[in-house]
Each structure stands twice: as C-alpha cells, then as structure tokens.
$ cat upload.cif   # mmCIF, C-alpha atoms
data_coords
loop_
_atom_site.label_atom_id
_atom_site.label_comp_id
_atom_site.auth_asym_id
_atom_site.auth_seq_id
_atom_site.Cartn_x
_atom_site.Cartn_y
_atom_site.Cartn_z
CA MET A 13 66.94 129.60 70.75
CA ASN A 14 66.22 130.82 67.22
CA ASN A 15 64.17 133.89 67.92
CA ILE A 16 65.26 137.16 69.41
CA GLN A 17 63.67 137.59 72.82
CA ILE A 18 63.12 141.15 74.04
CA LYS A 19 61.84 142.54 77.32
CA THR A 20 61.48 146.21 78.23
CA TRP A 21 60.71 148.19 81.35
CA ASN A 22 59.96 151.88 81.77
CA VAL A 23 59.95 152.51 85.50
CA PHE A 24 60.20 155.30 88.04
CA ALA A 25 63.66 155.91 89.46
CA SER A 26 63.29 153.95 92.70
CA LEU A 27 65.72 151.40 94.11
CA GLU A 28 62.74 149.15 94.89
CA ASN A 29 62.25 148.82 91.14
CA VAL A 30 65.82 147.54 90.81
CA ASP A 31 64.98 144.57 93.02
CA LEU A 32 61.74 143.93 91.12
CA ILE A 33 63.36 144.05 87.68
CA CYS A 34 66.27 141.85 88.78
CA ALA A 35 63.81 139.27 90.15
CA GLU A 36 61.86 139.29 86.86
CA ILE A 37 65.05 138.91 84.84
CA SER A 38 66.22 135.98 87.00
CA ALA A 39 62.91 134.21 86.48
CA TRP A 40 63.01 134.90 82.75
CA MET A 41 66.56 133.57 82.46
CA MET A 42 65.55 130.38 84.23
CA GLU A 43 62.79 129.96 81.64
CA LEU A 44 65.37 130.40 78.87
CA ASN A 45 67.76 127.87 80.46
CA LEU A 46 70.30 130.61 81.08
CA SER A 47 70.71 130.04 84.79
CA GLY A 48 74.50 130.07 84.41
CA HIS A 49 74.33 133.75 83.51
CA ILE A 50 71.99 134.88 86.30
CA PHE A 51 74.70 136.02 88.71
CA ALA A 52 76.67 138.01 86.13
CA LEU A 53 73.71 139.48 84.31
CA GLY A 54 71.92 140.22 87.58
CA LEU A 55 74.94 142.16 88.82
CA LEU A 56 75.27 144.07 85.55
CA VAL A 57 71.59 144.99 85.42
CA ARG A 58 71.58 145.96 89.08
CA GLU A 59 74.67 148.10 88.71
CA ALA A 60 73.44 149.87 85.59
CA LEU A 61 70.05 150.53 87.17
CA ASN A 62 71.63 151.77 90.40
CA ASN A 63 73.76 154.18 88.39
CA ALA A 64 70.77 155.40 86.37
CA ILE A 65 68.70 155.95 89.52
CA ILE A 66 71.32 157.24 91.96
CA HIS A 67 73.55 159.29 89.65
CA GLY A 68 71.45 159.79 86.51
CA SER A 69 68.14 160.55 88.20
CA LEU A 70 69.56 161.79 91.51
CA MET A 71 67.08 159.49 93.30
CA ASN A 72 64.17 161.58 92.08
CA PRO A 73 61.24 159.11 92.12
CA ASN A 74 59.36 161.17 89.52
CA LYS A 75 62.02 160.52 86.89
CA LYS A 76 61.88 157.50 84.64
CA VAL A 77 64.46 154.88 83.70
CA PHE A 78 64.22 152.72 80.60
CA VAL A 79 65.58 149.17 80.37
CA GLU A 80 65.70 146.88 77.36
CA LEU A 81 66.94 143.31 77.57
CA ARG A 82 67.55 141.43 74.36
CA CYS A 83 68.60 137.80 74.02
CA ASP A 84 69.47 135.84 70.90
CA LYS A 85 71.55 132.74 70.18
CA ASN A 86 74.80 134.72 70.37
CA ALA A 87 74.42 137.12 73.26
CA LEU A 88 72.52 138.76 76.05
CA CYS A 89 72.44 142.50 75.59
CA PHE A 90 70.77 145.14 77.70
CA LYS A 91 70.44 148.87 77.55
CA VAL A 92 69.68 151.22 80.44
CA SER A 93 68.97 154.91 79.92
CA ASP A 94 67.87 157.78 82.12
CA ASP A 95 66.88 161.44 81.71
CA GLY A 96 69.95 162.78 83.50
CA SER A 97 72.70 164.97 82.14
CA GLY A 98 75.09 162.03 81.69
CA PHE A 99 78.70 161.87 82.78
CA ASP A 100 82.25 161.80 81.44
CA TRP A 101 82.47 158.04 80.99
CA GLN A 102 85.69 158.19 78.95
CA THR A 103 87.60 159.57 81.92
CA THR A 104 85.81 157.42 84.50
CA LEU A 105 86.49 154.19 82.61
CA LYS A 106 90.23 154.90 82.68
CA ARG A 107 90.28 155.58 86.40
CA ILE A 108 92.05 153.00 88.58
CA VAL A 109 90.02 151.71 91.51
CA ASP A 110 91.37 152.90 94.87
CA GLU A 111 91.04 149.78 97.01
CA ASN A 112 90.63 151.79 100.20
CA ARG A 113 87.80 153.93 98.88
CA GLU A 114 84.20 153.04 99.45
CA SER A 115 83.03 154.02 95.97
CA GLY A 116 84.24 153.95 92.38
CA ARG A 117 83.77 150.26 91.46
CA GLY A 118 80.59 150.41 89.38
CA LEU A 119 82.14 150.77 85.93
CA LYS A 120 84.92 148.31 86.76
CA LEU A 121 82.18 145.83 87.53
CA TYR A 122 80.78 146.38 84.02
CA GLN A 123 84.18 145.58 82.59
CA LEU A 124 84.51 142.44 84.71
CA TYR A 125 81.19 140.86 83.75
CA ALA A 126 80.34 142.26 80.30
CA ASP A 127 82.12 141.43 77.04
CA GLN A 128 81.16 144.79 75.56
CA VAL A 129 80.50 148.09 77.34
CA GLU A 130 79.14 150.97 75.29
CA PHE A 131 77.90 154.43 76.28
CA ASN A 132 76.18 157.05 74.21
CA GLU A 133 78.15 160.27 73.87
CA ARG A 134 76.20 162.10 76.58
CA GLY A 135 76.70 159.26 79.04
CA ASN A 136 73.06 158.77 80.03
CA GLN A 137 72.71 155.42 78.27
CA VAL A 138 74.78 152.27 78.68
CA THR A 139 74.59 149.10 76.61
CA LEU A 140 76.16 145.96 78.10
CA THR A 141 76.62 142.71 76.20
CA ARG A 142 77.50 139.22 77.39
CA LEU A 143 78.41 136.91 74.57
CA PHE A 144 77.65 133.20 74.57
CA LYS A 145 81.00 131.55 73.97
CA ASN A 146 81.38 130.28 70.39
CA GLY A 147 77.81 131.24 69.61
CA ILE A 148 76.55 127.93 70.91
CA SER A 149 73.19 127.44 72.53
CA PRO A 150 72.65 129.02 75.94
CA GLU A 151 72.19 125.65 77.62
CA GLU A 152 75.82 124.86 76.86
CA ASN A 153 77.19 128.07 78.32
CA MET B 17 69.67 140.42 110.78
CA GLN B 18 70.95 138.01 113.40
CA SER B 19 73.91 138.79 115.59
CA GLU B 20 75.45 137.11 118.58
CA SER B 21 78.32 137.97 120.85
CA ASN B 22 80.82 135.60 122.39
CA ASN B 23 83.01 137.81 124.52
CA GLN B 24 83.69 135.80 127.65
CA ASN B 25 85.98 138.33 129.25
CA GLU B 26 85.35 142.05 129.28
CA GLN B 27 89.08 142.55 128.69
CA ASP B 28 88.88 140.75 125.35
CA PRO B 29 87.89 142.55 122.19
CA ILE B 30 84.20 142.00 121.63
CA ILE B 31 83.58 139.47 118.85
CA ARG B 32 80.28 139.62 117.08
CA PHE B 33 78.76 137.48 114.35
CA TYR B 34 76.47 139.36 112.01
CA LYS B 35 74.32 137.52 109.47
CA PRO B 36 72.48 139.64 106.86
CA GLU B 37 69.12 138.16 105.95
CA GLY B 38 69.68 138.61 102.21
CA ASP B 39 71.62 140.48 99.58
CA ILE B 40 73.80 143.53 100.29
CA THR B 41 72.80 146.00 97.61
CA ALA B 42 72.03 149.68 97.13
CA SER B 43 68.52 149.14 98.48
CA SER B 44 69.48 147.09 101.54
CA SER B 45 72.87 148.55 102.45
CA PRO B 46 71.64 151.74 104.22
CA LEU B 47 69.97 149.67 106.95
CA ILE B 48 72.86 147.20 107.17
CA ARG B 49 75.26 150.14 107.41
CA ILE B 50 73.39 151.48 110.44
CA GLU B 51 73.44 148.06 112.13
CA LEU B 52 77.17 147.59 111.52
CA LYS B 53 77.94 151.11 112.74
CA ASN B 54 75.93 150.43 115.88
CA LEU B 55 77.88 147.24 116.54
CA ILE B 56 81.18 149.09 116.24
CA ALA B 57 79.85 151.92 118.43
CA GLU B 58 78.94 149.29 121.05
CA GLY B 59 82.57 148.24 121.16
CA VAL B 60 82.74 145.34 118.71
CA ARG B 61 86.26 145.11 117.34
CA ASP B 62 86.28 141.63 115.86
CA LEU B 63 83.38 141.46 113.45
CA VAL B 64 82.45 138.34 111.48
CA ILE B 65 79.90 138.79 108.71
CA ASP B 66 78.26 135.49 107.78
CA MET B 67 77.09 135.62 104.16
CA VAL B 68 75.30 132.29 104.13
CA ASN B 69 72.03 134.01 103.16
CA THR B 70 73.64 136.48 100.75
CA ARG B 71 73.74 135.76 97.04
CA VAL B 72 74.38 139.25 95.60
CA VAL B 73 76.70 142.04 96.69
CA ASP B 74 76.71 145.03 94.33
CA SER B 75 79.20 147.90 94.29
CA SER B 76 77.29 149.61 97.12
CA GLY B 77 77.65 146.43 99.18
CA ILE B 78 81.33 146.16 98.35
CA GLY B 79 81.71 149.78 99.42
CA LEU B 80 79.99 148.99 102.71
CA LEU B 81 82.38 146.10 103.39
CA VAL B 82 85.36 148.37 102.65
CA ALA B 83 83.97 151.11 104.90
CA THR B 84 83.38 148.62 107.73
CA HIS B 85 86.90 147.23 107.35
CA ASN B 86 88.33 150.77 107.35
CA SER B 87 86.39 151.69 110.51
CA LEU B 88 87.52 148.57 112.36
CA GLN B 89 91.12 148.93 111.21
CA ARG B 90 91.25 152.49 112.61
CA LEU B 91 90.20 151.00 115.96
CA ASN B 92 92.71 148.14 115.77
CA GLY B 93 89.88 145.76 115.04
CA LYS B 94 89.32 143.34 112.19
CA LEU B 95 86.65 142.22 109.77
CA THR B 96 86.10 138.65 108.58
CA VAL B 97 83.61 137.70 105.88
CA LYS B 98 82.68 134.03 105.82
CA ASN B 99 80.46 131.57 103.96
CA VAL B 100 80.50 133.48 100.68
CA SER B 101 79.41 131.61 97.54
CA GLN B 102 81.99 130.81 94.87
CA GLU B 103 80.55 133.50 92.61
CA LEU B 104 80.77 136.10 95.36
CA LEU B 105 84.28 134.95 96.26
CA GLU B 106 85.38 135.59 92.67
CA LEU B 107 83.79 139.02 92.75
CA LEU B 108 85.39 140.01 96.06
CA LYS B 109 88.76 138.69 94.87
CA ALA B 110 88.46 140.63 91.61
CA PHE B 111 88.29 143.78 93.74
CA ARG B 112 91.11 142.46 95.97
CA LEU B 113 89.04 142.66 99.13
CA ASP B 114 90.65 139.39 100.23
CA LYS B 115 93.97 141.27 100.44
CA HIS B 116 92.51 143.62 103.06
CA PHE B 117 90.47 141.27 105.25
CA THR B 118 89.80 137.55 105.53
CA VAL B 119 87.20 136.18 103.10
CA THR B 120 86.27 132.50 103.22
CA SER B 121 83.88 130.56 101.04
CA ASP B 122 81.52 127.69 101.56
CA PRO B 123 81.84 125.27 98.60
CA ARG B 124 78.30 124.04 99.24
CA LEU B 125 76.98 127.47 98.31
CA GLY B 126 78.02 127.05 94.67
#
$ encode --input "upload.cif" --output "structure tokens"
Amino acid sequence: MNNIQIKTWNVFASLENVDLICAEISAWMMELNLSGHIFALGLLVREALNNAIIHGSLMNPNKKVFVELRCDKNALCFKVSDDGSGFDWQTTLKRIVDENRESGRGLKLYQLYADQVEFNERGNQVTLTRLFKNGISPEEN
Amino acid sequence: MQSESNNQNEQDPIIRFYKPEGDITASSSPLIRIELKNLIAEGVRDLVIDMVNTRVVDSSGIGLLVATHNSLQRLNGKLTVKNVSQELLELLKAFRLDKHFTVTSDPRLG
C-alpha cells in the first residue's frame, strides 16, 4: 500500500451507528488485506464511538460524532470526536481497573489494543494508532 | 437467544445454557442483561453462556459478564463462559475475568 487511505463519517450519536460503522470498517479492512487487524481495530473503534455517544453526547441522538480512519504503509490511525464537554483523561488513564466493578475498562482497552493513545486537552477527541510491525506491508502483519 | 435447562431434580441448582445470537456490545447488552436477570430471577444458579456465535465483546459486554458473575456469586451460584474465540479469550484474560469465573475457548473459532 503506497497511498494514504482515508475514510470519514459524521453521524448522529446513536449506538446503531456504531454497529454500522464497525461493519463498514471490517469490510474495508478485508479489501485492504488487513483482516488480521479487524478484531483489534473493531474493538478500538467501537469503544471510542461508544464513549463519544454515551459519555460525550449523553446519548442525545441530535448530537453528532465525527470519525476519521486513516491507513498508510506504517499504521492504522483513527480519530473520534464529539461535541461534549470532554473529561479528565489524565486522571482516568492512571486509574487501576477494579476487577469487581462493572465499568471502568474502556480506556484500559485502548491501551491494550492501540500502540498510541492521544487525547486533545479538553478530552472530547481521541486519536488511536495501531502500528504495522517494522513498517512492513499490511499483508505480512 | 437460545436457552435450555437441564435440572433433573428440583433440589439441584437450576443449570441453564444461554447462547447469545451475536456480539455482546453496548447496543445489544441491554436486552441480554434483561434476559440474564430473568434467568437468575427464575432461580438459575449455574449459568453457562455459550459464546459460539459471539465474535465481539466490548467493555459494556465485559461489564455485563462481571455483573452477572457478581449476581450469581451473591446467590452462591456460578457463571461459566464457554466456546469463546482465541481473540476473545485473550481479551477476557487481559481483564482477568478468567480468575473470577471459568472461561473456556474453542480452538476452531480462531
């Protein structure tokens, strides 16, 4: 893959749209011979979208969520942003997961499956990157 | 959802197999939560969730499994999750769910 491939979505904050976008991304990754990354990227996209819709948009279906997915020979990178007030991601990222609690695993999941996790200062935009090992072609990952 | 009971004796804890039809995610977990709560309310204490049709479990789904385990444990029951794919097994192990209840994989599920 020599070119940078980019896909974007600007959708209403509905959980149904999460399923639709994840299905589109899976199909796109199959086309790009990146099937080995579908599970990880699917989880990351789903988690980031869930957070943007549930916490960022407070499940208000009139609010919008923006997604950009970018793929080049070195990495898959996607950005999810919402119109919400953001959150204190610095503190939340340091928090240890309580195994007996039902919630609190979303950001840990980012750290498990993404090589880079970046937030804007306000905390209403996350950028997650999965690197292709050694910068080799996706088919070999 | 498919579920079947195999309690042969009313004295025995009721065992129930529950098979979600697909993924356990933020969009599907509210309905699955209701069904699992209903099973426990009916007296099921030994619950086996068969994940043969499940490819994705997000943090909402993980939370639902933890909540179901917690509910059963309070009632001296137990949760078993079986037929998870290798990818899901790695995810559930990363969150140490296998230390709280039995999780088994099906190698054929990749």
$ resolve_selection --input "upload.cif" --expression "the PyMOL selection byres ((chain B) within 6 of (chain A))" --output "list in words"
Ser43, Ser75, Gly79, Val82 and Ala83 of chain B
$ resolve_selection --input "upload.cif" --expression "the PyMOL selection byres ((chain B and resi 67) around 9)" --output "PDB file with C-alpha atoms, in the frame of the given file"
ATOM      1  CA  TYR B  34      76.470 139.360 112.010  1.00  0.00           C
ATOM      2  CA  LYS B  35      74.320 137.520 109.470  1.00  0.00           C
ATOM      3  CA  PRO B  36      72.480 139.640 106.860  1.00  0.00           C
ATOM      4  CA  GLU B  37      69.120 138.160 105.950  1.00  0.00           C
ATOM      5  CA  GLY B  38      69.680 138.610 102.210  1.00  0.00           C
ATOM      6  CA  ASP B  39      71.620 140.480  99.580  1.00  0.00           C
ATOM      7  CA  ILE B  65      79.900 138.790 108.710  1.00  0.00           C
ATOM      8  CA  ASP B  66      78.260 135.490 107.780  1.00  0.00           C
ATOM      9  CA  VAL B  68      75.300 132.290 104.130  1.00  0.00           C
ATOM     10  CA  ASN B  69      72.030 134.010 103.160  1.00  0.00           C
ATOM     11  CA  THR B  70      73.640 136.480 100.750  1.00  0.00           C
ATOM     12  CA  ARG B  71      73.740 135.760  97.040  1.00  0.00           C
ATOM     13  CA  VAL B  97      83.610 137.700 105.880  1.00  0.00           C
ATOM     14  CA  LYS B  98      82.680 134.030 105.820  1.00  0.00           C
ATOM     15  CA  ASN B  99      80.460 131.570 103.960  1.00  0.00           C
ATOM     16  CA  VAL B 100      80.500 133.480 100.680  1.00  0.00           C
ATOM     17  CA  SER B 101      79.410 131.610  97.540  1.00  0.00           C
TER      18      SER B 101
END
$ atom_distance --input "upload.cif" --atom1 "CA of Leu95 (chain B)" --atom2 "CA of Thr120 (chain B)"
11.7 Å
$ residues_around --input "upload.cif" --residues "region 18-24 of chain A" --least-positions-apart "5" --cutoff "7 Å" --atoms "all atoms listed in the file" --output "list in words"
Pro73, Asn74, Lys75, Lys76, Val77, Phe78, Val79, Glu80, Leu81, Arg82 and Cys83 of chain A
$ atom_distance --input "upload.cif" --atom1 "CA of Ile37 (chain A)" --atom2 "CA of Ser69 (chain A)"
22.1 Å
$ resolve_selection --input "upload.cif" --expression "the PyMOL selection byres ((chain A and resi 84-95) around 8)" --output "PyMOL selection string"
chain A and resi 13-17+57+60-61+64-65+68-69+75-83+96-97+136-150
$ closest_residue --input "upload.cif" --among "B:Thr41, B:Gln89, B:Asp122, B:Leu81" --to "Cys34 (chain A)" --atoms "all atoms listed in the file"
B:Thr41
$ residues_around --input "upload.cif" --residues "Leu108 (chain B)" --least-positions-apart "5" --cutoff "9 Å" --atoms "all atoms listed in the file" --output "count of residues only"
6
$ atom_distance --input "upload.cif" --atom1 "CA of Met71 (chain A)" --atom2 "CA of Leu105 (chain A)"
22.8 Å
$ closest_residue --input "upload.cif" --among "A:Ala126, A:Leu32, A:Ala25, A:Asp100" --to "His49 (chain A)" --atoms "all atoms listed in the file"
A:Ala126
